[in-house]
>>> print(open('data20.csv').read())   # CSV, C-alpha atoms
chain,number,residue,atom,x,y,z
E,1185,MET,CA,0.0,0.0,0.0
E,1186,THR,CA,1.1,3.5,-0.7
E,1187,VAL,CA,1.3,6.2,2.0
E,1188,VAL,CA,-2.0,7.7,0.8
E,1189,GLU,CA,-3.7,4.3,1.0
E,1190,HIS,CA,-2.4,3.8,4.5
E,1191,LEU,CA,-3.7,7.2,5.5
E,1192,THR,CA,-7.1,6.5,3.9
E,1193,GLU,CA,-7.3,3.2,5.8
E,1194,LEU,CA,-6.3,5.0,9.0
E,1195,ARG,CA,-9.0,7.6,8.4
E,1196,ARG,CA,-11.6,4.8,7.8
E,1197,ARG,CA,-10.7,3.1,11.1
E,1198,ILE,CA,-10.9,6.5,13.0
E,1199,VAL,CA,-14.3,7.1,11.6
E,1200,TYR,CA,-15.5,3.7,12.7
E,1201,VAL,CA,-14.2,4.5,16.2
E,1202,LEU,CA,-16.0,7.8,16.3
E,1203,VAL,CA,-19.3,6.3,15.2
E,1204,VAL,CA,-19.1,3.7,17.9
E,1205,PHE,CA,-18.1,6.3,20.5
E,1206,VAL,CA,-21.1,8.5,19.5
E,1207,ILE,CA,-23.4,5.6,19.8
E,1208,GLY,CA,-22.0,4.7,23.2
E,1209,LEU,CA,-22.4,8.4,24.2
E,1210,VAL,CA,-26.1,8.2,23.4
E,1211,GLY,CA,-26.4,5.0,25.4
E,1212,GLY,CA,-24.3,6.6,28.2
E,1213,LEU,CA,-26.9,9.4,28.6
E,1214,PHE,CA,-29.5,6.8,29.5
E,1215,CYS,CA,-27.1,5.3,32.0
E,1216,ALA,CA,-26.0,8.6,33.5
E,1217,LYS,CA,-28.8,8.9,36.1
E,1218,PRO,CA,-28.2,5.5,37.8
E,1219,VAL,CA,-24.4,6.0,37.6
E,1220,TYR,CA,-24.8,9.4,39.2
E,1221,GLU,CA,-27.0,8.1,41.9
E,1222,TYR,CA,-24.4,5.4,42.8
E,1223,LEU,CA,-21.5,7.9,42.8
E,1224,ILE,CA,-23.3,10.5,44.8
E,1225,HIS,CA,-24.4,8.1,47.4
E,1226,ALA,CA,-21.0,6.3,47.7
E,1227,ASP,CA,-19.0,6.7,50.9
E,1228,MET,CA,-16.6,9.1,49.3
E,1229,ALA,CA,-19.3,11.6,48.6
E,1230,GLN,CA,-20.9,11.5,52.0
E,1231,GLY,CA,-20.4,14.6,54.1
E,1232,PHE,CA,-20.3,16.9,51.2
E,1233,VAL,CA,-23.1,19.2,50.1
E,1234,LEU,CA,-22.5,19.7,46.4
E,1235,HIS,CA,-23.8,22.8,44.7
E,1236,ALA,CA,-24.4,23.9,41.1
E,1237,PHE,CA,-22.6,27.2,40.4
E,1238,ALA,CA,-23.6,27.4,36.8
E,1239,PHE,CA,-26.7,26.5,34.8
E,1240,TRP,CA,-24.7,24.0,32.8
E,1241,ASP,CA,-23.2,22.1,35.7
E,1242,GLY,CA,-25.9,19.4,35.7
E,1243,ILE,CA,-25.7,18.9,32.0
E,1244,GLY,CA,-21.9,18.9,32.1
E,1245,MET,CA,-21.9,16.3,34.8
E,1246,TYR,CA,-24.3,14.1,32.8
E,1247,MET,CA,-22.1,14.4,29.7
E,1248,LYS,CA,-18.9,13.5,31.6
E,1249,ILE,CA,-20.6,10.3,32.9
E,1250,ALA,CA,-21.9,9.5,29.5
E,1251,MET,CA,-18.4,9.9,28.0
E,1252,ALA,CA,-16.9,7.6,30.6
E,1253,VAL,CA,-19.5,5.0,29.9
E,1254,SER,CA,-19.0,5.4,26.1
E,1255,LEU,CA,-15.2,5.1,26.5
E,1256,THR,CA,-15.6,1.9,28.6
E,1257,VAL,CA,-17.7,0.3,25.9
E,1258,SER,CA,-15.5,1.6,23.0
E,1259,VAL,CA,-12.1,0.4,24.4
E,1260,PRO,CA,-12.3,-3.1,23.0
E,1261,PHE,CA,-13.5,-1.8,19.6
E,1262,ILE,CA,-10.7,0.8,19.5
E,1263,VAL,CA,-8.2,-2.0,20.2
E,1264,TYR,CA,-9.8,-4.2,17.5
E,1265,GLN,CA,-9.5,-1.3,15.0
E,1266,LEU,CA,-5.9,-0.9,15.8
E,1267,TRP,CA,-5.4,-4.6,15.3
E,1268,ALA,CA,-7.3,-4.4,12.0
E,1269,PHE,CA,-5.1,-1.6,10.8
E,1270,VAL,CA,-1.8,-3.3,11.4
E,1271,SER,CA,-2.9,-6.9,10.8
E,1272,PRO,CA,-2.1,-7.0,7.1
E,1273,ALA,CA,1.6,-6.6,8.0
E,1274,LEU,CA,1.5,-9.5,10.4
E,1275,ARG,CA,2.0,-13.2,9.7
E,1276,PRO,CA,-1.0,-15.4,10.2
E,1277,ALA,CA,0.2,-16.8,13.5
E,1278,GLU,CA,1.0,-13.3,14.8
E,1279,ARG,CA,-2.4,-12.0,13.6
E,1280,SER,CA,-4.3,-14.7,15.4
E,1281,ALA,CA,-2.3,-14.3,18.6
E,1282,ALA,CA,-2.7,-10.5,18.6
E,1283,LEU,CA,-6.4,-10.8,18.1
E,1284,ARG,CA,-6.7,-12.7,21.4
E,1285,TYR,CA,-5.5,-9.6,23.2
E,1286,VAL,CA,-8.6,-7.5,22.3
E,1287,PRO,CA,-11.0,-8.8,25.1
E,1288,TYR,CA,-8.3,-8.1,27.7
E,1289,ALA,CA,-8.5,-4.4,26.8
E,1290,LEU,CA,-11.8,-4.1,28.5
E,1291,VAL,CA,-10.6,-6.1,31.5
E,1292,LEU,CA,-7.6,-3.9,32.1
E,1293,PHE,CA,-9.6,-0.7,31.5
E,1294,VAL,CA,-12.2,-1.8,34.1
E,1295,ALA,CA,-9.5,-2.9,36.5
E,1296,GLY,CA,-7.9,0.6,36.1
E,1297,LEU,CA,-11.3,2.2,36.8
E,1298,LEU,CA,-11.9,0.2,39.9
E,1299,PHE,CA,-8.4,0.7,41.3
E,1300,ALA,CA,-8.5,4.5,40.7
E,1301,TYR,CA,-12.0,5.0,42.0
E,1302,TYR,CA,-11.8,2.8,45.1
E,1303,ILE,CA,-8.1,3.3,46.1
E,1304,VAL,CA,-6.5,6.4,44.5
E,1305,PHE,CA,-9.5,8.7,44.5
E,1306,PRO,CA,-10.5,8.3,48.2
E,1307,MET,CA,-6.9,8.8,49.3
E,1308,ALA,CA,-6.5,11.9,47.2
E,1309,LEU,CA,-9.9,13.3,48.2
E,1310,SER,CA,-9.2,12.7,51.9
E,1311,PHE,CA,-5.8,14.4,51.7
E,1312,THR,CA,-7.1,17.5,49.9
E,1313,VAL,CA,-10.1,17.8,52.3
E,1314,SER,CA,-7.9,17.4,55.4
E,1315,VAL,CA,-5.7,20.2,54.1
E,1316,THR,CA,-8.7,22.5,53.5
E,1317,ARG,CA,-10.0,21.8,57.0
E,1318,ASP,CA,-6.6,22.3,58.7
E,1319,LEU,CA,-6.5,25.7,57.1
E,1320,GLY,CA,-9.8,26.5,58.7
E,1321,LEU,CA,-11.5,27.2,55.3
E,1322,GLU,CA,-15.2,27.0,54.9
E,1323,GLU,CA,-16.0,24.1,52.5
E,1324,THR,CA,-18.3,24.9,49.6
E,1325,TYR,CA,-18.0,22.4,46.8
E,1326,GLY,CA,-19.6,22.4,43.4
E,1327,ILE,CA,-20.9,19.3,41.6
E,1328,ALA,CA,-18.7,20.1,38.6
E,1329,GLN,CA,-15.5,20.4,40.7
E,1330,TYR,CA,-16.2,17.1,42.5
E,1331,PHE,CA,-16.7,15.2,39.3
E,1332,ASN,CA,-13.8,16.9,37.5
E,1333,PHE,CA,-11.6,16.0,40.4
E,1334,MET,CA,-12.8,12.4,40.2
E,1335,PHE,CA,-12.5,11.9,36.4
E,1336,SER,CA,-9.1,13.6,36.3
E,1337,LEU,CA,-7.8,10.8,38.4
E,1338,VAL,CA,-10.0,7.8,37.3
E,1339,LEU,CA,-10.1,8.0,33.5
E,1340,PRO,CA,-6.3,8.6,32.9
E,1341,MET,CA,-5.5,5.8,35.3
E,1342,ALA,CA,-7.9,3.5,33.5
E,1343,LEU,CA,-6.3,4.3,30.2
E,1344,LEU,CA,-2.8,3.8,31.5
E,1345,PHE,CA,-3.8,0.3,32.7
E,1346,GLU,CA,-3.7,-0.6,29.0
E,1347,LEU,CA,0.1,-0.3,29.1
E,1348,PRO,CA,0.8,-4.0,29.6
E,1349,LEU,CA,-1.5,-5.0,26.8
E,1350,ILE,CA,0.1,-2.4,24.4
E,1351,VAL,CA,3.6,-3.7,25.3
E,1352,MET,CA,2.6,-7.3,24.8
E,1353,PHE,CA,1.1,-6.4,21.4
E,1354,LEU,CA,4.2,-4.4,20.3
E,1355,THR,CA,6.4,-7.3,21.4
E,1356,LYS,CA,4.3,-9.8,19.5
E,1357,ILE,CA,4.7,-7.8,16.3
E,1358,ARG,CA,8.5,-7.5,17.1
E,1359,LEU,CA,8.6,-3.7,17.5
E,1360,LEU,CA,9.6,-4.0,21.2
E,1361,ASN,CA,11.4,-6.5,23.3
E,1362,PRO,CA,12.3,-6.7,27.0
E,1363,LEU,CA,16.0,-5.9,26.3
E,1364,ARG,CA,15.0,-2.5,24.8
E,1365,LEU,CA,12.5,-1.8,27.6
E,1366,ARG,CA,15.1,-2.4,30.3
E,1367,LYS,CA,17.6,-0.2,28.4
E,1368,VAL,CA,15.2,2.7,28.3
E,1369,ARG,CA,13.9,2.1,31.9
E,1370,ARG,CA,15.2,5.4,33.3
E,1371,TYR,CA,13.6,7.4,30.5
E,1372,ALA,CA,10.4,5.5,30.8
E,1373,TYR,CA,10.3,6.2,34.6
E,1374,PHE,CA,10.8,9.9,33.9
E,1375,ALA,CA,8.0,9.9,31.3
E,1376,LEU,CA,5.6,8.1,33.6
E,1377,VAL,CA,6.4,10.4,36.5
E,1378,PHE,CA,5.8,13.4,34.2
E,1379,ILE,CA,2.5,11.9,33.0
E,1380,ALA,CA,1.4,11.3,36.6
E,1381,VAL,CA,2.1,14.9,37.5
E,1382,VAL,CA,0.3,16.2,34.5
E,1383,ILE,CA,-2.9,14.1,34.9
E,1384,THR,CA,-3.4,14.5,38.6
E,1385,PRO,CA,-4.5,17.4,40.7
E,1386,PRO,CA,-1.6,19.6,41.9
E,1387,ASP,CA,-0.7,17.9,45.2
E,1388,PHE,CA,2.1,15.5,46.1
E,1389,ILE,CA,-0.2,12.8,47.5
E,1390,SER,CA,-2.1,12.5,44.2
E,1391,ASP,CA,1.1,12.4,42.2
E,1392,PHE,CA,2.6,9.7,44.4
E,1393,LEU,CA,-0.6,7.6,44.4
E,1394,VAL,CA,-0.6,7.6,40.6
E,1395,THR,CA,3.2,7.3,40.0
E,1396,VAL,CA,3.7,4.2,42.0
E,1397,PRO,CA,1.1,2.1,40.2
E,1398,LEU,CA,2.4,3.3,36.9
E,1399,LEU,CA,6.0,2.2,37.7
E,1400,VAL,CA,4.6,-1.2,38.8
E,1401,LEU,CA,2.7,-1.4,35.6
E,1402,TYR,CA,5.8,-0.7,33.6
E,1403,GLU,CA,7.8,-3.5,35.4
E,1404,PHE,CA,4.8,-5.8,34.9
E,1405,SER,CA,4.8,-4.9,31.2
E,1406,VAL,CA,8.5,-5.7,31.0
E,1407,PHE,CA,7.8,-9.1,32.5
E,1408,LEU,CA,5.0,-9.8,30.1
E,1409,SER,CA,7.2,-8.7,27.2
E,1410,ALA,CA,9.9,-11.1,28.4
E,1411,VAL,CA,7.4,-14.0,28.4
E,1412,VAL,CA,6.3,-13.2,24.8
E,1413,TYR,CA,9.9,-12.7,23.7
E,1414,ARG,CA,11.0,-16.1,25.1
E,1415,LYS,CA,8.2,-17.8,23.2
E,1416,GLN,CA,9.3,-16.0,20.0
E,1417,LEU,CA,12.9,-17.1,20.5
E,1418,ALA,CA,11.8,-20.7,21.1
E,1419,ALA,CA,9.6,-20.7,18.0
E,1420,ASP,CA,12.4,-19.2,15.9
E,1421,ALA,CA,14.8,-21.8,17.2
E,1422,ALA,CA,12.4,-24.6,16.4
E,1423,LEU,CA,11.8,-23.2,12.9
E,1424,GLU,CA,15.5,-22.9,12.3
E,1425,ALA,CA,16.1,-26.5,13.5
E,1426,ARG,CA,13.4,-27.8,11.1
E,1427,TYR,CA,15.1,-26.0,8.2
E,1428,ALA,CA,18.5,-27.2,9.2
E,1429,ALA,CA,17.1,-30.8,9.4
E,1430,GLY,CA,15.5,-30.4,6.0
E,1431,ASP,CA,18.7,-29.1,4.4
E,1432,HIS,CA,20.7,-32.0,6.0
E,1433,ALA,CA,18.3,-34.5,4.7
>>> encode(input="data20.csv", output="structure tokens")
Amino acid sequence: MTVVEHLTELRRRIVYVLVVFVIGLVGGLFCAKPVYEYLIHADMAQGFVLHAFAFWDGIGMYMKIAMAVSLTVSVPFIVYQLWAFVSPALRPAERSAALRYVPYALVLFVAGLLFAYYIVFPMALSFTVSVTRDLGLEETYGIAQYFNFMFSLVLPMALLFELPLIVMFLTKIRLLNPLRLRKVRRYAYFALVFIAVVITPPDFISDFLVTVPLLVLYEFSVFLSAVVYRKQLAADAALEARYAAGDHA
């Protein structure tokens, strides 16, 4: 395929993703009310009287919830479209093996959501509220600020939980290997710390709570890459042995 044909194919895949995301967004609007009721009655939200400071706060909150629902539904489809875009360049065995990764995209995304919502978010919220109270400030929180704070932690963390899957996929198609990942470890750590600082609210506790899981995810990704890489080396060695036996015969 020419460069133009590659770009045309990429545009077609992006359009598919956008269509599915919009459909998921419409469905997410129907789910927004029960999700909102669950979030607002959760233990983390107790003790707060949340206010609307603008006419659009309620609508904005509904749209954020709908987008989160749509993103959750769309993640496997997005990963499938990525596979479909690169699959013509893969060998049949690699194509089949890479396709099996698609369902795990949803599993990792949901795991990231649960980890961020039930562990990272409560700790970050407790820290920021305790600082506010220690300063003797009167607490008046808006519904938009509460959900913005929540989603700024939860959604990026859920997306970053896809890192092991991405590394395994890139290792499977031989663009990455554990040797290269170990070689660039210090630069990867710096990049992950930078990402954690950018996506979290401006306080040390939030940065720390996000940075540590990201570093663990990177090391776990290196481990998974090593597992895939060893299997590739074993398969290559077996194939070379068969060729050598055939030539000898």
>>> closest_residue(input="data20.csv", among="E:Phe1269, E:Tyr1427, E:Trp1240, E:Leu1359", to="E:Leu1191", atoms="all atoms listed in the file")
E:Phe1269
>>> closest_residue(input="data20.csv", among="E:Leu1209, E:Val1257, E:Val1377, E:Ala1342", to="E:Thr1395", atoms="only C-alpha atoms")
E:Val1377
>>> atom_distance(input="data20.csv", atom1="atom CA of E:Phe1335", atom2="atom CA of E:Val1233")
18.8 Å
>>> residues_around(input="data20.csv", residues="E:Phe1333", least_positions_apart="2", cutoff="9 Å", atoms="all atoms listed in the file", output="list in words")
Phe1305, Leu1309, Ala1328, Gln1329, Tyr1330, Phe1331, Phe1335, Ser1336, Leu1337, Val1338, Thr1384 and Pro1385 of chain E
>>> write_last_selection(input="data20.csv", atoms="C-alpha atoms", output="PDB file, in the frame of the given file")
ATOM      1  CA  PHE E1305      -9.500   8.700  44.500  1.00  0.00           C
ATOM      2  CA  LEU E1309      -9.900  13.300  48.200  1.00  0.00           C
ATOM      3  CA  ALA E1328     -18.700  20.100  38.600  1.00  0.00           C
ATOM      4  CA  GLN E1329     -15.500  20.400  40.700  1.00  0.00           C
ATOM      5  CA  TYR E1330     -16.200  17.100  42.500  1.00  0.00           C
ATOM      6  CA  PHE E1331     -16.700  15.200  39.300  1.00  0.00           C
ATOM      7  CA  PHE E1335     -12.500  11.900  36.400  1.00  0.00           C
ATOM      8  CA  SER E1336      -9.100  13.600  36.300  1.00  0.00           C
ATOM      9  CA  LEU E1337      -7.800  10.800  38.400  1.00  0.00           C
ATOM     10  CA  VAL E1338     -10.000   7.800  37.300  1.00  0.00           C
ATOM     11  CA  THR E1384      -3.400  14.500  38.600  1.00  0.00           C
ATOM     12  CA  PRO E1385      -4.500  17.400  40.700  1.00  0.00           C
TER      13      PRO E1385
END
>>> closest_residue(input="data20.csv", among="E:Phe1293, E:Phe1407, E:Tyr1371, E:Tyr1325", to="E:Phe1237", atoms="all atoms listed in the file")
E:Tyr1325
>>> closest_residue(input="data20.csv", among="E:Phe1214, E:Leu1202, E:Trp1267, E:Glu1189", to="E:Ser1280", atoms="only C-alpha atoms")
E:Trp1267
>>> axis_aligned_box(input="data20.csv", around="stretch 1416-1424 of chain E", padding_each_side="8 Å", output="AutoDock Vina command-line options")
--center_x 12.4 --center_y -20.3 --center_z 16.7 --size_x 22.2 --size_y 24.6 --size_z 24.8
>>> closest_residue(input="data20.csv", among="E:Leu1393, E:Leu1274, E:Val1313, E:Val1381", to="E:Lys1356", atoms="all atoms listed in the file")
E:Leu1274
>>> atom_distance(input="data20.csv", atom1="atom CA of E:Val1396", atom2="atom CA of E:Arg1366")
17.6 Å
>>> closest_residue(input="data20.csv", among="E:Ala1236, E:Met1334, E:Met1228, E:Leu1213", to="E:Ile1249", atoms="only C-alpha atoms")
E:Leu1213
>>> residues_around(input="data20.csv", residues="E:Pro1340", least_positions_apart="6", cutoff="10 Å", atoms="only C-alpha atoms", output="PDB file with C-alpha atoms, in the coordinates of the input")
ATOM      1  CA  PHE E1293      -9.600  -0.700  31.500  1.00  0.00           C
ATOM      2  CA  GLY E1296      -7.900   0.600  36.100  1.00  0.00           C
ATOM      3  CA  LEU E1297     -11.300   2.200  36.800  1.00  0.00           C
ATOM      4  CA  ALA E1300      -8.500   4.500  40.700  1.00  0.00           C
ATOM      5  CA  ILE E1379       2.500  11.900  33.000  1.00  0.00           C
ATOM      6  CA  ALA E1380       1.400  11.300  36.600  1.00  0.00           C
ATOM      7  CA  ILE E1383      -2.900  14.100  34.900  1.00  0.00           C
ATOM      8  CA  THR E1384      -3.400  14.500  38.600  1.00  0.00           C
ATOM      9  CA  VAL E1394      -0.600   7.600  40.600  1.00  0.00           C
TER      10      VAL E1394
END
>>> residues_around(input="data20.csv", residues="E:Arg1364", least_positions_apart="4", cutoff="12 Å", atoms="only C-alpha atoms", output="PDB file with C-alpha atoms, in the frame of the given file")
ATOM      1  CA  VAL E1351       3.600  -3.700  25.300  1.00  0.00           C
ATOM      2  CA  LEU E1354       4.200  -4.400  20.300  1.00  0.00           C
ATOM      3  CA  THR E1355       6.400  -7.300  21.400  1.00  0.00           C
ATOM      4  CA  ARG E1358       8.500  -7.500  17.100  1.00  0.00           C
ATOM      5  CA  LEU E1359       8.600  -3.700  17.500  1.00  0.00           C
ATOM      6  CA  LEU E1360       9.600  -4.000  21.200  1.00  0.00           C
ATOM      7  CA  VAL E1368      15.200   2.700  28.300  1.00  0.00           C
ATOM      8  CA  ARG E1369      13.900   2.100  31.900  1.00  0.00           C
ATOM      9  CA  ARG E1370      15.200   5.400  33.300  1.00  0.00           C
ATOM     10  CA  TYR E1371      13.600   7.400  30.500  1.00  0.00           C
ATOM     11  CA  ALA E1372      10.400   5.500  30.800  1.00  0.00           C
ATOM     12  CA  VAL E1406       8.500  -5.700  31.000  1.00  0.00           C
ATOM     13  CA  SER E1409       7.200  -8.700  27.200  1.00  0.00           C
ATOM     14  CA  ALA E1410       9.900 -11.100  28.400  1.00  0.00           C
ATOM     15  CA  TYR E1413       9.900 -12.700  23.700  1.00  0.00           C
TER      16      TYR E1413
END
>>> atom_distance(input="data20.csv", atom1="atom CA of E:Leu1417", atom2="atom CA of E:Pro1362")
12.3 Å
>>> residues_around(input="data20.csv", residues="stretch 1218-1226 of chain E", least_positions_apart="2", cutoff="12 Å", atoms="only C-alpha atoms", output="MDAnalysis selection string")
chainID E and resid 1212:1216 1228:1234 1242:1243 1245:1253 1301:1302 1306 1327 1330:1331 1334:1335
>>> residues_around(input="data20.csv", residues="E:Leu1266", least_positions_apart="2", cutoff="12 Å", atoms="all atoms listed in the file", output="list in words")
Glu1193, Leu1194, Arg1195, Arg1196, Arg1197, Ile1198, Tyr1200, Val1201, Val1259, Pro1260, Phe1261, Ile1262, Val1263, Tyr1264, Ala1268, Phe1269, Val1270, Ser1271, Pro1272, Arg1279, Ala1282, Leu1283, Tyr1285, Val1286, Ala1289, Ile1350, Phe1353 and Leu1354 of chain E
>>> build_atoms(input="data20.csv", residues="stretch 1228-1251 of chain E", atoms="N, CA, C and O atoms", output="short mmCIF file (atom, residue, chain, number, x, y, z; two decimals), in the frame of the given file")
data_model
loop_
_atom_site.label_atom_id
_atom_site.label_comp_id
_atom_site.auth_asym_id
_atom_site.auth_seq_id
_atom_site.Cartn_x
_atom_site.Cartn_y
_atom_site.Cartn_z
N MET E 1228 -17.45 7.97 49.56
CA MET E 1228 -16.60 9.10 49.30
C MET E 1228 -17.32 10.42 49.24
O MET E 1228 -16.79 11.48 49.59
N ALA E 1229 -18.57 10.38 48.80
CA ALA E 1229 -19.30 11.60 48.60
C ALA E 1229 -20.11 12.03 49.85
O ALA E 1229 -20.68 13.13 49.88
N GLN E 1230 -20.14 11.16 50.85
CA GLN E 1230 -20.90 11.50 52.00
C GLN E 1230 -20.18 12.61 52.82
O GLN E 1230 -18.96 12.67 52.88
N GLY E 1231 -20.95 13.49 53.40
CA GLY E 1231 -20.40 14.60 54.10
C GLY E 1231 -20.19 15.85 53.32
O GLY E 1231 -19.79 16.90 53.84
N PHE E 1232 -20.45 15.74 52.02
CA PHE E 1232 -20.30 16.90 51.20
C PHE E 1232 -21.73 17.36 50.73
O PHE E 1232 -22.58 16.53 50.37
N VAL E 1233 -21.95 18.66 50.74
CA VAL E 1233 -23.10 19.20 50.10
C VAL E 1233 -22.70 19.88 48.84
O VAL E 1233 -22.03 20.93 48.83
N LEU E 1234 -23.03 19.23 47.75
CA LEU E 1234 -22.50 19.70 46.40
C LEU E 1234 -23.50 20.67 45.82
O LEU E 1234 -24.72 20.47 45.84
N HIS E 1235 -22.95 21.71 45.26
CA HIS E 1235 -23.80 22.80 44.70
C HIS E 1235 -23.53 22.93 43.21
O HIS E 1235 -22.50 22.49 42.68
N ALA E 1236 -24.50 23.54 42.55
CA ALA E 1236 -24.40 23.90 41.10
C ALA E 1236 -24.10 25.40 41.07
O ALA E 1236 -24.91 26.21 41.55
N PHE E 1237 -22.96 25.77 40.52
CA PHE E 1237 -22.60 27.20 40.40
C PHE E 1237 -22.86 27.78 39.07
O PHE E 1237 -22.63 28.96 38.86
N ALA E 1238 -23.31 26.95 38.14
CA ALA E 1238 -23.60 27.40 36.80
C ALA E 1238 -24.81 26.62 36.27
O ALA E 1238 -25.06 25.50 36.71
N PHE E 1239 -25.55 27.21 35.34
CA PHE E 1239 -26.70 26.50 34.80
C PHE E 1239 -26.34 25.23 34.07
O PHE E 1239 -27.15 24.31 33.97
N TRP E 1240 -25.10 25.16 33.55
CA TRP E 1240 -24.70 24.00 32.80
C TRP E 1240 -23.99 22.94 33.59
O TRP E 1240 -23.55 21.93 33.03
N ASP E 1241 -23.88 23.13 34.89
CA ASP E 1241 -23.20 22.10 35.70
C ASP E 1241 -23.83 20.77 35.67
O ASP E 1241 -23.14 19.74 35.56
N GLY E 1242 -25.15 20.72 35.77
CA GLY E 1242 -25.90 19.40 35.70
C GLY E 1242 -25.69 18.74 34.40
O GLY E 1242 -25.41 17.53 34.35
N ILE E 1243 -25.83 19.50 33.32
CA ILE E 1243 -25.70 18.90 32.00
C ILE E 1243 -24.24 18.46 31.77
O ILE E 1243 -23.99 17.37 31.22
N GLY E 1244 -23.28 19.27 32.22
CA GLY E 1244 -21.90 18.90 32.10
C GLY E 1244 -21.55 17.63 32.83
O GLY E 1244 -20.79 16.78 32.35
N MET E 1245 -22.15 17.47 34.03
CA MET E 1245 -21.90 16.30 34.80
C MET E 1245 -22.48 15.04 34.10
O MET E 1245 -21.84 14.00 34.03
N TYR E 1246 -23.67 15.16 33.53
CA TYR E 1246 -24.30 14.10 32.80
C TYR E 1246 -23.42 13.69 31.57
O TYR E 1246 -23.23 12.50 31.27
N MET E 1247 -22.89 14.69 30.88
CA MET E 1247 -22.10 14.40 29.70
C MET E 1247 -20.76 13.73 30.09
O MET E 1247 -20.30 12.83 29.37
N LYS E 1248 -20.16 14.12 31.20
CA LYS E 1248 -18.90 13.50 31.60
C LYS E 1248 -19.18 11.99 31.95
O LYS E 1248 -18.38 11.12 31.59
N ILE E 1249 -20.28 11.70 32.63
CA ILE E 1249 -20.60 10.30 32.90
C ILE E 1249 -20.88 9.53 31.66
O ILE E 1249 -20.42 8.39 31.50
N ALA E 1250 -21.61 10.15 30.73
CA ALA E 1250 -21.90 9.50 29.50
C ALA E 1250 -20.64 9.20 28.68
O ALA E 1250 -20.49 8.13 28.07
N MET E 1251 -19.70 10.14 28.70
CA MET E 1251 -18.40 9.90 28.00
C MET E 1251 -17.63 8.81 28.63
O MET E 1251 -17.00 8.01 27.92
#
